[in-house]
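Listing of model.pdb, PDB, C-alpha atoms and all ligand atoms
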ATOM      1  CA  MET A 111      61.357-170.310 -36.347
ATOM      2  CA  PRO A 112      58.991-172.911 -34.832
ATOM      3  CA  HIS A 113      60.793-176.130 -33.928
ATOM      4  CA  HIS A 114      59.793-179.780 -33.689
ATOM      5  CA  PRO A 115      58.335-180.015 -30.158
ATOM      6  CA  ALA A 116      61.247-182.249 -29.094
ATOM      7  CA  ILE A 117      63.547-179.251 -29.573
ATOM      8  CA  ALA A 118      62.812-177.313 -26.424
ATOM      9  CA  ARG A 119      64.693-175.300 -23.827
ATOM     10  CA  ASP A 120      66.415-177.368 -21.098
ATOM     11  CA  ARG A 121      65.566-180.662 -22.761
ATOM     12  CA  VAL A 122      68.570-182.848 -23.612
ATOM     13  CA  ALA A 123      69.803-183.562 -27.128
ATOM     14  CA  VAL A 124      72.264-186.407 -27.679
ATOM     15  CA  ILE A 125      74.401-186.266 -30.801
ATOM     16  CA  THR A 126      76.873-188.928 -31.911
ATOM     17  CA  GLY A 127      79.683-187.975 -34.245
ATOM     18  CA  ALA A 128      79.347-184.557 -32.649
ATOM     19  CA  ALA A 129      82.987-183.472 -32.812
ATOM     20  CA  SER A 130      82.894-182.591 -36.501
ATOM     21  CA  GLY A 131      80.766-181.817 -39.519
ATOM     22  CA  ILE A 132      77.002-182.240 -39.423
ATOM     23  CA  GLY A 133      76.917-183.427 -35.789
ATOM     24  CA  LEU A 134      78.907-180.428 -34.613
ATOM     25  CA  ALA A 135      76.778-177.990 -36.618
ATOM     26  CA  ALA A 136      73.656-179.575 -35.096
ATOM     27  CA  ALA A 137      75.132-179.196 -31.616
ATOM     28  CA  TYR A 138      75.600-175.451 -32.163
ATOM     29  CA  ARG A 139      72.055-174.957 -33.487
ATOM     30  CA  LEU A 140      70.390-177.053 -30.778
ATOM     31  CA  ALA A 141      72.395-175.296 -28.064
ATOM     32  CA  ALA A 142      71.250-171.970 -29.515
ATOM     33  CA  ALA A 143      67.664-173.253 -29.183
ATOM     34  CA  GLY A 144      68.299-173.641 -25.437
ATOM     35  CA  MET A 145      68.824-177.403 -25.339
ATOM     36  CA  ARG A 146      71.392-179.103 -23.148
ATOM     37  CA  ILE A 147      73.685-181.128 -25.348
ATOM     38  CA  VAL A 148      75.521-184.407 -24.911
ATOM     39  CA  LEU A 149      78.230-184.615 -27.543
ATOM     40  CA  ALA A 150      79.596-188.093 -28.179
ATOM     41  CA  ASP A 151      82.464-188.932 -30.493
ATOM     42  CA  ILE A 152      85.291-191.433 -30.821
ATOM     43  CA  SER A 153      87.859-188.676 -31.322
ATOM     44  CA  ALA A 154      88.657-187.456 -27.796
ATOM     45  CA  GLU A 155      90.776-184.541 -28.946
ATOM     46  CA  ALA A 156      88.289-183.143 -31.467
ATOM     47  CA  LEU A 157      85.486-183.718 -28.972
ATOM     48  CA  ALA A 158      87.251-181.723 -26.259
ATOM     49  CA  ALA A 159      87.760-178.809 -28.665
ATOM     50  CA  ALA A 160      84.132-178.961 -29.833
ATOM     51  CA  GLY A 161      82.865-179.122 -26.266
ATOM     52  CA  LYS A 162      84.947-176.133 -25.232
ATOM     53  CA  ALA A 163      83.740-174.057 -28.179
ATOM     54  CA  ILE A 164      80.058-174.820 -27.581
ATOM     55  CA  ALA A 165      80.325-174.324 -23.818
ATOM     56  CA  ALA A 166      81.829-170.892 -24.512
ATOM     57  CA  SER A 167      78.474-169.891 -26.022
ATOM     58  CA  GLY A 168      76.927-170.442 -22.578
ATOM     59  CA  ALA A 169      75.325-173.799 -23.376
ATOM     60  CA  THR A 170      75.081-176.635 -20.872
ATOM     61  CA  ILE A 171      76.970-179.544 -22.370
ATOM     62  CA  ARG A 172      78.597-182.862 -21.598
ATOM     63  CA  THR A 173      81.147-184.604 -23.758
ATOM     64  CA  VAL A 174      81.496-188.379 -23.791
ATOM     65  CA  THR A 175      84.274-190.116 -25.651
ATOM     66  CA  ALA A 176      82.533-193.128 -27.070
ATOM     67  CA  ASP A 177      82.724-195.611 -29.913
ATOM     68  CA  VAL A 178      79.128-196.067 -31.054
ATOM     69  CA  SER A 179      79.886-199.591 -32.245
ATOM     70  CA  VAL A 180      80.415-200.587 -28.596
ATOM     71  CA  ARG A 181      77.051-200.953 -26.880
ATOM     72  CA  GLU A 182      78.521-200.250 -23.416
ATOM     73  CA  ASP A 183      79.895-196.944 -24.724
ATOM     74  CA  VAL A 184      76.455-195.910 -25.970
ATOM     75  CA  ALA A 185      75.019-196.952 -22.600
ATOM     76  CA  ARG A 186      77.532-194.564 -20.951
ATOM     77  CA  VAL A 187      76.354-191.805 -23.285
ATOM     78  CA  LYS A 188      72.781-192.491 -22.177
ATOM     79  CA  ALA A 189      73.735-192.421 -18.488
ATOM     80  CA  GLU A 190      75.375-188.989 -18.964
ATOM     81  CA  ALA A 191      72.327-187.757 -20.853
ATOM     82  CA  ASP A 192      69.864-188.992 -18.219
ATOM     83  CA  ALA A 193      71.954-187.268 -15.522
ATOM     84  CA  LEU A 194      71.734-183.998 -17.449
ATOM     85  CA  GLY A 195      67.936-183.916 -17.779
ATOM     86  CA  PRO A 196      64.986-185.196 -19.813
ATOM     87  CA  VAL A 197      66.271-186.542 -23.125
ATOM     88  CA  SER A 198      64.059-185.522 -26.028
ATOM     89  CA  LEU A 199      66.266-185.721 -29.117
ATOM     90  CA  VAL A 200      68.796-188.312 -30.248
ATOM     91  CA  MET A 201      70.808-187.915 -33.424
ATOM     92  CA  ASN A 202      72.474-191.194 -34.371
ATOM     93  CA  ASN A 203      74.873-189.523 -36.746
ATOM     94  CA  ALA A 204      78.370-191.019 -36.326
ATOM     95  CA  ALA A 205      79.659-192.934 -39.316
ATOM     96  CA  ARG A 206      82.802-193.866 -41.193
ATOM     97  CA  GLU A 207      83.496-194.376 -44.854
ATOM     98  CA  GLY A 208      84.467-197.953 -45.616
ATOM     99  CA  SER A 209      86.294-198.014 -48.941
ATOM    100  CA  GLY A 210      84.740-201.439 -49.049
ATOM    101  CA  GLY A 211      84.096-203.007 -52.419
ATOM    102  CA  ILE A 212      82.399-206.404 -52.402
ATOM    103  CA  LEU A 213      85.688-208.294 -52.186
ATOM    104  CA  SER A 214      87.497-206.019 -49.750
ATOM    105  CA  GLY A 215      88.668-207.459 -46.491
ATOM    106  CA  ILE A 216      86.107-208.679 -44.019
ATOM    107  CA  ASP A 217      87.632-206.385 -41.353
ATOM    108  CA  ARG A 218      86.700-203.348 -43.431
ATOM    109  CA  TRP A 219      83.163-204.576 -43.910
ATOM    110  CA  GLN A 220      82.826-205.433 -40.245
ATOM    111  CA  ALA A 221      84.132-202.039 -39.107
ATOM    112  CA  THR A 222      81.818-200.176 -41.469
ATOM    113  CA  MET A 223      78.738-202.130 -40.407
ATOM    114  CA  ASP A 224      79.738-201.970 -36.726
ATOM    115  CA  VAL A 225      79.806-198.180 -36.718
ATOM    116  CA  ASN A 226      77.300-197.186 -39.376
ATOM    117  CA  PHE A 227      74.606-199.766 -38.713
ATOM    118  CA  TRP A 228      75.169-201.265 -35.268
ATOM    119  CA  GLY A 229      76.025-197.832 -33.860
ATOM    120  CA  VAL A 230      72.606-196.585 -34.962
ATOM    121  CA  LEU A 231      70.845-199.709 -33.695
ATOM    122  CA  HIS A 232      72.522-199.352 -30.273
ATOM    123  CA  GLY A 233      71.364-195.736 -30.114
ATOM    124  CA  VAL A 234      67.809-196.664 -31.074
ATOM    125  CA  GLN A 235      67.554-199.659 -28.742
ATOM    126  CA  LEU A 236      69.047-197.862 -25.759
ATOM    127  CA  PHE A 237      67.187-194.543 -26.050
ATOM    128  CA  ALA A 238      63.816-195.396 -27.591
ATOM    129  CA  PRO A 239      62.278-197.330 -24.663
ATOM    130  CA  ASP A 240      62.600-194.399 -22.227
ATOM    131  CA  MET A 241      61.354-192.003 -24.898
ATOM    132  CA  ILE A 242      58.305-194.187 -25.442
ATOM    133  CA  ALA A 243      57.715-194.360 -21.676
ATOM    134  CA  ALA A 244      58.161-190.592 -21.183
ATOM    135  CA  ASP A 245      55.361-188.054 -21.447
ATOM    136  CA  TRP A 246      57.139-185.340 -23.423
ATOM    137  CA  PRO A 247      57.716-184.977 -27.191
ATOM    138  CA  CYS A 248      60.768-186.841 -28.476
ATOM    139  CA  ALA A 249      62.505-187.450 -31.770
ATOM    140  CA  ILE A 250      65.155-189.803 -33.121
ATOM    141  CA  VAL A 251      67.082-188.639 -36.177
ATOM    142  CA  ASN A 252      69.270-191.208 -37.932
ATOM    143  CA  THR A 253      71.713-190.004 -40.554
ATOM    144  CA  GLY A 254      71.444-192.010 -43.741
ATOM    145  CA  SER A 255      72.803-191.257 -47.181
ATOM    146  CA  LYS A 256      71.686-191.062 -50.791
ATOM    147  CA  GLN A 257      74.245-193.845 -51.277
ATOM    148  CA  GLY A 258      71.992-196.064 -49.155
ATOM    149  CA  ILE A 259      69.119-195.426 -51.584
ATOM    150  CA  THR A 260      70.621-195.400 -55.081
ATOM    151  CA  LEU A 261      73.729-197.547 -54.290
ATOM    152  CA  PRO A 262      76.389-196.016 -56.590
ATOM    153  CA  PRO A 263      79.154-198.567 -57.345
ATOM    154  CA  GLY A 264      82.318-198.146 -55.280
ATOM    155  CA  ASP A 265      82.042-198.143 -51.506
ATOM    156  CA  THR A 266      79.578-201.010 -51.290
ATOM    157  CA  ALA A 267      80.101-201.553 -47.565
ATOM    158  CA  TYR A 268      79.078-197.947 -46.876
ATOM    159  CA  ASN A 269      76.068-198.267 -49.201
ATOM    160  CA  VAL A 270      74.921-201.443 -47.486
ATOM    161  CA  SER A 271      75.321-199.885 -44.033
ATOM    162  CA  LYS A 272      73.295-196.831 -45.030
ATOM    163  CA  ALA A 273      70.628-198.954 -46.758
ATOM    164  CA  ALA A 274      70.325-200.789 -43.450
ATOM    165  CA  VAL A 275      69.945-197.480 -41.598
ATOM    166  CA  LYS A 276      67.162-196.493 -44.005
ATOM    167  CA  ALA A 277      65.303-199.786 -43.475
ATOM    168  CA  LEU A 278      65.760-199.601 -39.700
ATOM    169  CA  THR A 279      64.573-196.012 -39.469
ATOM    170  CA  GLU A 280      61.531-196.594 -41.690
ATOM    171  CA  SER A 281      60.434-199.477 -39.468
ATOM    172  CA  LEU A 282      61.166-197.441 -36.349
ATOM    173  CA  ALA A 283      58.933-194.623 -37.603
ATOM    174  CA  HIS A 284      56.174-197.131 -38.206
ATOM    175  CA  ASP A 285      56.512-198.701 -34.751
ATOM    176  CA  LEU A 286      56.463-195.254 -33.155
ATOM    177  CA  LEU A 287      53.002-194.610 -34.616
ATOM    178  CA  ALA A 288      51.835-196.289 -31.390
ATOM    179  CA  THR A 289      52.919-193.118 -29.532
ATOM    180  CA  GLU A 290      50.416-191.127 -31.634
ATOM    181  CA  GLY A 291      53.023-188.698 -32.858
ATOM    182  CA  ARG A 292      54.645-187.950 -29.488
ATOM    183  CA  VAL A 293      57.834-189.781 -30.462
ATOM    184  CA  THR A 294      58.891-189.457 -34.081
ATOM    185  CA  ALA A 295      61.715-190.883 -36.183
ATOM    186  CA  HIS A 296      63.415-189.204 -39.125
ATOM    187  CA  LEU A 297      65.955-190.134 -41.785
ATOM    188  CA  LEU A 298      68.391-187.314 -42.482
ATOM    189  CA  ILE A 299      69.758-187.714 -46.015
ATOM    190  CA  PRO A 300      72.534-185.190 -46.580
ATOM    191  CA  GLY A 301      73.729-184.326 -50.059
ATOM    192  CA  PHE A 302      77.402-183.692 -50.737
ATOM    193  CA  THR A 303      78.541-181.836 -47.633
ATOM    194  CA  TYR A 304      81.969-180.423 -46.842
ATOM    195  CA  THR A 305      82.939-182.101 -43.558
ATOM    196  CA  GLY A 306      85.592-184.332 -42.035
ATOM    197  CA  PHE A 307      84.541-186.965 -44.589
ATOM    198  CA  THR A 308      85.558-184.690 -47.452
ATOM    199  CA  ARG A 309      88.735-183.548 -45.705
ATOM    200  CA  ALA A 310      89.727-187.202 -45.114
ATOM    201  CA  ARG A 311      89.776-187.574 -48.908
ATOM    202  CA  GLY A 312      92.458-184.856 -49.010
ATOM    203  CA  VAL A 313      90.119-182.019 -50.049
ATOM    204  CA  SER A 314      91.183-178.968 -48.085
ATOM    205  CA  GLU A 315      88.681-176.403 -49.395
ATOM    206  CA  LYS A 316      84.932-176.632 -49.761
ATOM    207  CA  PRO A 317      84.169-177.771 -53.328
ATOM    208  CA  ALA A 318      81.681-175.454 -55.069
ATOM    209  CA  GLY A 319      79.136-178.278 -55.351
ATOM    210  CA  ALA A 320      79.136-179.076 -51.651
ATOM    211  CA  TRP A 321      76.927-177.663 -48.928
ATOM    212  CA  THR A 322      78.340-176.733 -45.554
ATOM    213  CA  ALA A 323      77.329-178.755 -42.499
ATOM    214  CA  GLU A 324      75.480-175.667 -41.248
ATOM    215  CA  GLN A 325      73.367-175.624 -44.431
ATOM    216  CA  VAL A 326      72.399-179.246 -43.819
ATOM    217  CA  VAL A 327      71.295-178.483 -40.259
ATOM    218  CA  ASP A 328      69.450-175.337 -41.351
ATOM    219  CA  PHE A 329      67.598-177.494 -43.880
ATOM    220  CA  MET A 330      66.943-180.233 -41.315
ATOM    221  CA  LEU A 331      65.400-178.099 -38.562
ATOM    222  CA  PRO A 332      62.363-176.772 -40.518
ATOM    223  CA  ALA A 333      61.891-180.232 -42.062
ATOM    224  CA  LEU A 334      61.751-181.728 -38.565
ATOM    225  CA  ALA A 335      59.302-178.995 -37.529
ATOM    226  CA  ALA A 336      57.130-179.891 -40.522
ATOM    227  CA  GLY A 337      57.162-183.546 -39.415
ATOM    228  CA  ASP A 338      59.027-184.801 -42.487
ATOM    229  CA  PHE A 339      60.363-188.348 -42.213
ATOM    230  CA  TYR A 340      62.670-188.200 -45.242
ATOM    231  CA  ILE A 341      64.857-185.129 -44.924
ATOM    232  CA  LEU A 342      66.359-185.180 -48.403
ATOM    233  CA  CYS A 343      68.941-182.410 -48.647
ATOM    234  CA  PRO A 344      70.023-180.932 -51.961
ATOM    235  CA  ASP A 345      73.508-179.501 -52.489
ATOM    236  CA  ASN A 346      74.900-176.890 -54.856
ATOM    237  CA  ASP A 347      75.100-179.372 -57.750
ATOM    238  CA  VAL A 348      72.089-181.587 -57.115
ATOM    239  CA  PRO A 349      68.649-180.012 -56.749
ATOM    240  CA  ARG A 350      65.765-182.002 -55.264
ATOM    241  CA  GLU A 351      64.310-182.651 -58.720
ATOM    242  CA  THR A 352      67.487-184.506 -59.757
ATOM    243  CA  ASP A 353      67.411-186.638 -56.605
ATOM    244  CA  GLU A 354      63.750-187.442 -57.171
ATOM    245  CA  LYS A 355      64.487-188.640 -60.695
ATOM    246  CA  ARG A 356      67.492-190.723 -59.632
ATOM    247  CA  ILE A 357      65.492-192.352 -56.815
ATOM    248  CA  ALA A 358      62.544-193.048 -59.118
ATOM    249  CA  TRP A 359      64.894-194.581 -61.727
ATOM    250  CA  ALA A 360      66.473-196.851 -59.094
ATOM    251  CA  ALA A 361      63.040-198.027 -57.872
ATOM    252  CA  ALA A 362      61.933-198.623 -61.478
ATOM    253  CA  ASP A 363      64.813-201.099 -62.026
ATOM    254  CA  ILE A 364      62.609-203.686 -60.297
ATOM    255  CA  ILE A 365      59.338-202.607 -61.884
ATOM    256  CA  GLU A 366      60.807-202.486 -65.403
ATOM    257  CA  ASN A 367      62.869-205.678 -64.850
ATOM    258  CA  ARG A 368      66.100-203.870 -65.753
ATOM    259  CA  PRO A 369      69.548-205.090 -64.623
ATOM    260  CA  ALA A 370      70.663-204.108 -61.114
ATOM    261  CA  LEU A 371      72.033-200.557 -60.860
ATOM    262  CA  SER A 372      71.045-199.931 -64.476
ATOM    263  CA  ARG A 373      71.910-196.251 -63.989
ATOM    264  CA  TRP A 374      75.557-197.328 -64.266
ATOM    265  CA  HIS A 375      75.023-200.188 -66.773
ATOM    266  CA  PRO A 376      76.604-199.452 -70.184
ATOM    267  CA  ASP A 377      73.502-200.693 -72.055
ATOM    268  CA  TYR A 378      71.339-198.175 -70.211
ATOM    269  CA  ALA A 379      73.646-195.149 -70.319
ATOM    270  CA  ALA A 380      71.732-193.465 -73.157
ATOM    271  CA  ALA A 381      68.305-194.280 -71.728
ATOM    272  CA  PHE A 382      69.287-192.885 -68.342
ATOM    273  CA  ALA A 383      70.760-189.738 -69.887
ATOM    274  CA  ASP A 384      67.545-189.182 -71.910
ATOM    275  CA  TYR A 385      65.411-189.776 -68.834
ATOM    276  CA  MET A 386      67.362-187.220 -66.814
ATOM    277  CA  LYS A 387      66.978-184.660 -69.626
ATOM    278  CA  GLY A 388      63.265-185.318 -70.005
TER     279      GLY A 388
HETATM  280  N1  LIG B 401      79.666-185.371 -45.778
HETATM  281  C1  LIG B 401      78.840-185.885 -46.677
HETATM  282  O1  LIG B 401      78.883-185.561 -47.885
HETATM  283  C2  LIG B 401      77.769-186.859 -46.228
HETATM  284  C3  LIG B 401      76.814-187.258 -47.178
HETATM  285  C4  LIG B 401      75.824-188.158 -46.788
HETATM  286  C5  LIG B 401      75.797-188.631 -45.480
HETATM  287  N2  LIG B 401      76.736-188.208 -44.578
HETATM  288  C6  LIG B 401      76.622-188.713 -43.207
HETATM  289  O2  LIG B 401      76.645-187.635 -42.296
HETATM  290  C7  LIG B 401      77.047-188.113 -41.010
HETATM  291  C8  LIG B 401      78.040-187.173 -40.388
HETATM  292  O3  LIG B 401      79.244-187.215 -41.138
HETATM  293  P1  LIG B 401      80.022-185.880 -41.541
HETATM  294  O4  LIG B 401      79.918-185.746 -43.000
HETATM  295  O5  LIG B 401      79.605-184.754 -40.669
HETATM  296  O6  LIG B 401      81.532-186.360 -41.273
HETATM  297  P2  LIG B 401      82.595-185.955 -40.140
HETATM  298  O7  LIG B 401      83.760-186.843 -40.383
HETATM  299  O8  LIG B 401      82.826-184.487 -40.147
HETATM  300  O9  LIG B 401      81.866-186.371 -38.788
HETATM  301  C9  LIG B 401      81.724-187.719 -38.402
HETATM  302  C10 LIG B 401      82.098-187.821 -36.944
HETATM  303  O10 LIG B 401      81.823-189.166 -36.507
HETATM  304  C11 LIG B 401      82.865-189.553 -35.638
HETATM  305  N3  LIG B 401      82.942-191.006 -35.558
HETATM  306  C12 LIG B 401      83.431-191.861 -36.502
HETATM  307  N4  LIG B 401      83.381-193.110 -36.047
HETATM  308  C13 LIG B 401      82.831-193.066 -34.805
HETATM  309  C14 LIG B 401      82.506-194.032 -33.831
HETATM  310  N5  LIG B 401      82.778-195.342 -34.035
HETATM  311  N6  LIG B 401      81.941-193.641 -32.669
HETATM  312  C15 LIG B 401      81.694-192.327 -32.445
HETATM  313  N7  LIG B 401      81.990-191.354 -33.327
HETATM  314  C16 LIG B 401      82.548-191.724 -34.499
HETATM  315  C17 LIG B 401      84.124-188.935 -36.239
HETATM  316  O11 LIG B 401      85.187-188.854 -35.274
HETATM  317  C18 LIG B 401      83.604-187.574 -36.679
HETATM  318  O12 LIG B 401      83.765-186.595 -35.661
HETATM  319  C19 LIG B 401      77.557-189.535 -41.249
HETATM  320  O13 LIG B 401      76.545-190.453 -40.868
HETATM  321  C20 LIG B 401      77.759-189.604 -42.753
HETATM  322  O14 LIG B 401      77.641-190.924 -43.242
HETATM  323  C21 LIG B 401      77.713-187.331 -44.922
END

Entire entry expressed as structure tokens:
Amino acid sequence: MPHHPAIARDRVAVITGAASGIGLAAAYRLAAAGMRIVLADISAEALAAAGKAIAASGATIRTVTADVSVREDVARVKAEADALGPVSLVMNNAAREGSGGILSGIDRWQATMDVNFWGVLHGVQLFAPDMIAADWPCAIVNTGSKQGITLPPGDTAYNVSKAAVKALTESLAHDLLATEGRVTAHLLIPGFTYTGFTRARGVSEKPAGAWTAEQVVDFMLPALAAGDFYILCPDNDVPRETDEKRIAWAAADIIENRPALSRWHPDYAAAFADYMKG
């Protein structure tokens, strides 16, 4: 399979949130492509186990225990990566769920934004300048969420953090046009995926509707190779067509002057159901 040119033998890939789920699956695939991998995660124990497992496959790896919300920690990750070789791929992927409704405690909001948004911004600000100055192909992949696009009621703090990641990554991609395609940015938008997130909700077996983390990465790699910015993953319940309709409906709230989040507004329940059937 042809890869994005940033995915190349002996180049360095940096992955945050690499001890579990999508980050870990990406680490395996990128190591198999011959990359050297820096795995960063806040969970030292899970990180050590992940590092050991990937190293056993013969890959060159470094593990760095780091909290992405702490800029100095991300700077340490960068120092390790630079010591390992030419960095060509950064996946700003670490995140937490917030359980933060509008009126939940400010600590919850702060923690969610610190990790999910500021963690990504630290990664972008610390890695992008050297990528822009380098003379080899590079890519930055930020993990967003459909919740940052359609904003389902519930975990508003998470939605806001992922909406911010979307806005940041879109602007980053635009700014990187100055590199004439040598450095690219991408927004990975997983569907429902069975990972540590799902397990933290007490689900101990993969729900039928969920994809595995490996499926997400196997979907992401050809999309990166094709140069896609929006890497919109389906899952076993939600095909791309359904996502397209939901996203179009959300955007049309403004155009049609409907109430906010009309998809979940009782007065629009029938109209939305008809639209989805149509
Ligand atoms: N699982 C899903 O259904 C789903 C859907 C959409 C988006 N996502 C996104 O995918 C990404 C990966 O999550 P996942 O589903 O693989 O979950 P996961 O829990 O399996 O992996 C997340 C990893 O991030 C680490 N982490 C959390 N806070 C951190 C911090 N402050 N610093 C460093 N590492 C930290 C965790 O220890 C964990 O290893 C996240 O950005 C998440 O928002 C997941």

For the provided coordinates, the residues matched by the PyMOL selection byres (((chain A and resi 306-311) around 12) and not hetatm) should be stated as a count of residues only. 30

The PyMOL selection byres (((chain A and resi 274) around 12) and not hetatm) resolved against shown file, as a ChimeraX atom specification: /A:222-231,252-255,257-259,261,267-273,275-281,297

Could you work out an axis-aligned box for segment 132-144 of chain A, taking every atom the file lists and adding 3 Å on each side, and report centre and edge lengths in Å to one decimal, as AutoDock Vina command-line options?
--center_x 73.3 --center_y -177.7 --center_z -32.4 --size_x 17.2 --size_y 17.5 --size_z 20.0

Please identify all polymer residues within 10 Å of Leu236 of chain A, counting all atoms listed in the file, omitting same-chain residues fewer than 6 positions from it, and present them as a ChimeraX atom specification. /A:181,184-185,187-188,230

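Using all atoms listed in the file, the smallest distance between any of A:Val327, A:Ala154, A:Ile171, A:Ala318 and Ile341 of chain A comes from A:Val327.
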
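Every residue that the PyMOL selection byres (((chain A and resi 330) around 10) and not hetatm) selects in this file is listed here: Ala136, Val251, His296, Leu297, Leu298, Ile299, Pro300, Glu324, Gln325, Val326, Val327, Asp328, Phe329, Leu331, Pro332, Ala333, Leu334, Ala335, Ala336, Asp338, Tyr340, Ile341, Leu342 and Cys343 of chain A.
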
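In this structure, atom CA of Tyr385 of chain A sits 22.4 Å away from atom CA of Gly319 of chain A.
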
Which residue is closest to Arg292 of chain A? Choose from A:Ala116, A:Ala379, A:Asp265, A:Asp384 and count all atoms listed in the file. A:Ala116

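The coordinates place atom CA of Ser179 of chain A at 5.4 Å from atom N5 of ligand LIG 401 (chain B).
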
Correct to one decimal, the distance atom O2 of ligand LIG 401 (chain B)-atom CA of Asn202 of chain A is 9.6 Å

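Minimum atom-to-atom distance to ligand LIG 401 (chain B), evaluated using only C-alpha atoms and all ligand atoms, belongs to A:Ala135 out of A:Ala191, A:Ala118, A:Cys248, A:Ala135.
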
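The residue that comes closest to ligand LIG 401 (chain B), out of A:Arg139, A:Lys256, A:Lys387, A:Arg373 and on the basis of only C-alpha atoms and all ligand atoms, is A:Lys256.
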
Counting only C-alpha atoms, note down every residue that has an atom within 6 Å of the point (69.3, -175.3, -22.7) (file coordinates), as a VMD selection string. chain A and resid 119 to 120 144 to 146

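Non-sequential neighbours of segment 352-362 of chain A (distance at most 8 Å, separation of 6 or more positions within a chain, all atoms listed in the file) are Ile259, Thr260, Pro344, Arg368, Leu371, Ser372, Arg373 and Met386 of chain A.
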
Okay, now the selection with C-alpha atoms, as a PDB file, in the coordinates of the input?
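Contents of result_20.pdb, as written:
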ATOM      1  CA  ILE A 259      69.119-195.426 -51.584  1.00  0.00           C
ATOM      2  CA  THR A 260      70.621-195.400 -55.081  1.00  0.00           C
ATOM      3  CA  PRO A 344      70.023-180.932 -51.961  1.00  0.00           C
ATOM      4  CA  ARG A 368      66.100-203.870 -65.753  1.00  0.00           C
ATOM      5  CA  LEU A 371      72.033-200.557 -60.860  1.00  0.00           C
ATOM      6  CA  SER A 372      71.045-199.931 -64.476  1.00  0.00           C
ATOM      7  CA  ARG A 373      71.910-196.251 -63.989  1.00  0.00           C
ATOM      8  CA  MET A 386      67.362-187.220 -66.814  1.00  0.00           C
TER       9      MET A 386
END

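Proximity of A:Asp345, A:Val200, A:Arg121, A:Ala143 to Ser167 of chain A, computed with all atoms listed in the file, is greatest for A:Ala143.
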
Since the input is missing atoms, can you rebuild all heavy atoms for segment 193-197 of chain A and write them as a CSV table (one decimal), keeping the file's coordinate frame?
chain,number,residue,atom,x,y,z
A,193,ALA,N,71.5,-188.1,-16.7
A,193,ALA,CA,72.0,-187.3,-15.5
A,193,ALA,C,71.8,-185.8,-15.8
A,193,ALA,O,71.7,-185.0,-14.9
A,193,ALA,CB,73.4,-187.6,-15.2
A,194,LEU,N,71.8,-185.4,-17.1
A,194,LEU,CA,71.7,-184.0,-17.4
A,194,LEU,C,70.3,-183.5,-17.5
A,194,LEU,O,70.1,-182.3,-17.4
A,194,LEU,CB,72.4,-183.8,-18.8
A,194,LEU,CG,72.8,-182.4,-19.3
A,194,LEU,CD1,73.7,-181.7,-18.3
A,194,LEU,CD2,73.5,-182.5,-20.7
A,195,GLY,N,69.3,-184.4,-17.7
A,195,GLY,CA,67.9,-183.9,-17.8
A,195,GLY,C,67.1,-184.8,-18.7
A,195,GLY,O,67.6,-185.9,-19.1
A,196,PRO,N,65.9,-184.4,-19.0
A,196,PRO,CA,65.0,-185.2,-19.8
A,196,PRO,C,65.4,-185.2,-21.3
A,196,PRO,O,65.5,-184.2,-21.9
A,196,PRO,CB,63.6,-184.5,-19.7
A,196,PRO,CG,63.9,-183.2,-19.1
A,196,PRO,CD,65.2,-183.1,-18.5
A,197,VAL,N,65.8,-186.4,-21.7
A,197,VAL,CA,66.3,-186.5,-23.1
A,197,VAL,C,65.1,-186.5,-24.1
A,197,VAL,O,64.1,-187.2,-23.9
A,197,VAL,CB,67.0,-187.9,-23.3
A,197,VAL,CG1,67.5,-188.1,-24.8
A,197,VAL,CG2,68.2,-188.0,-22.4
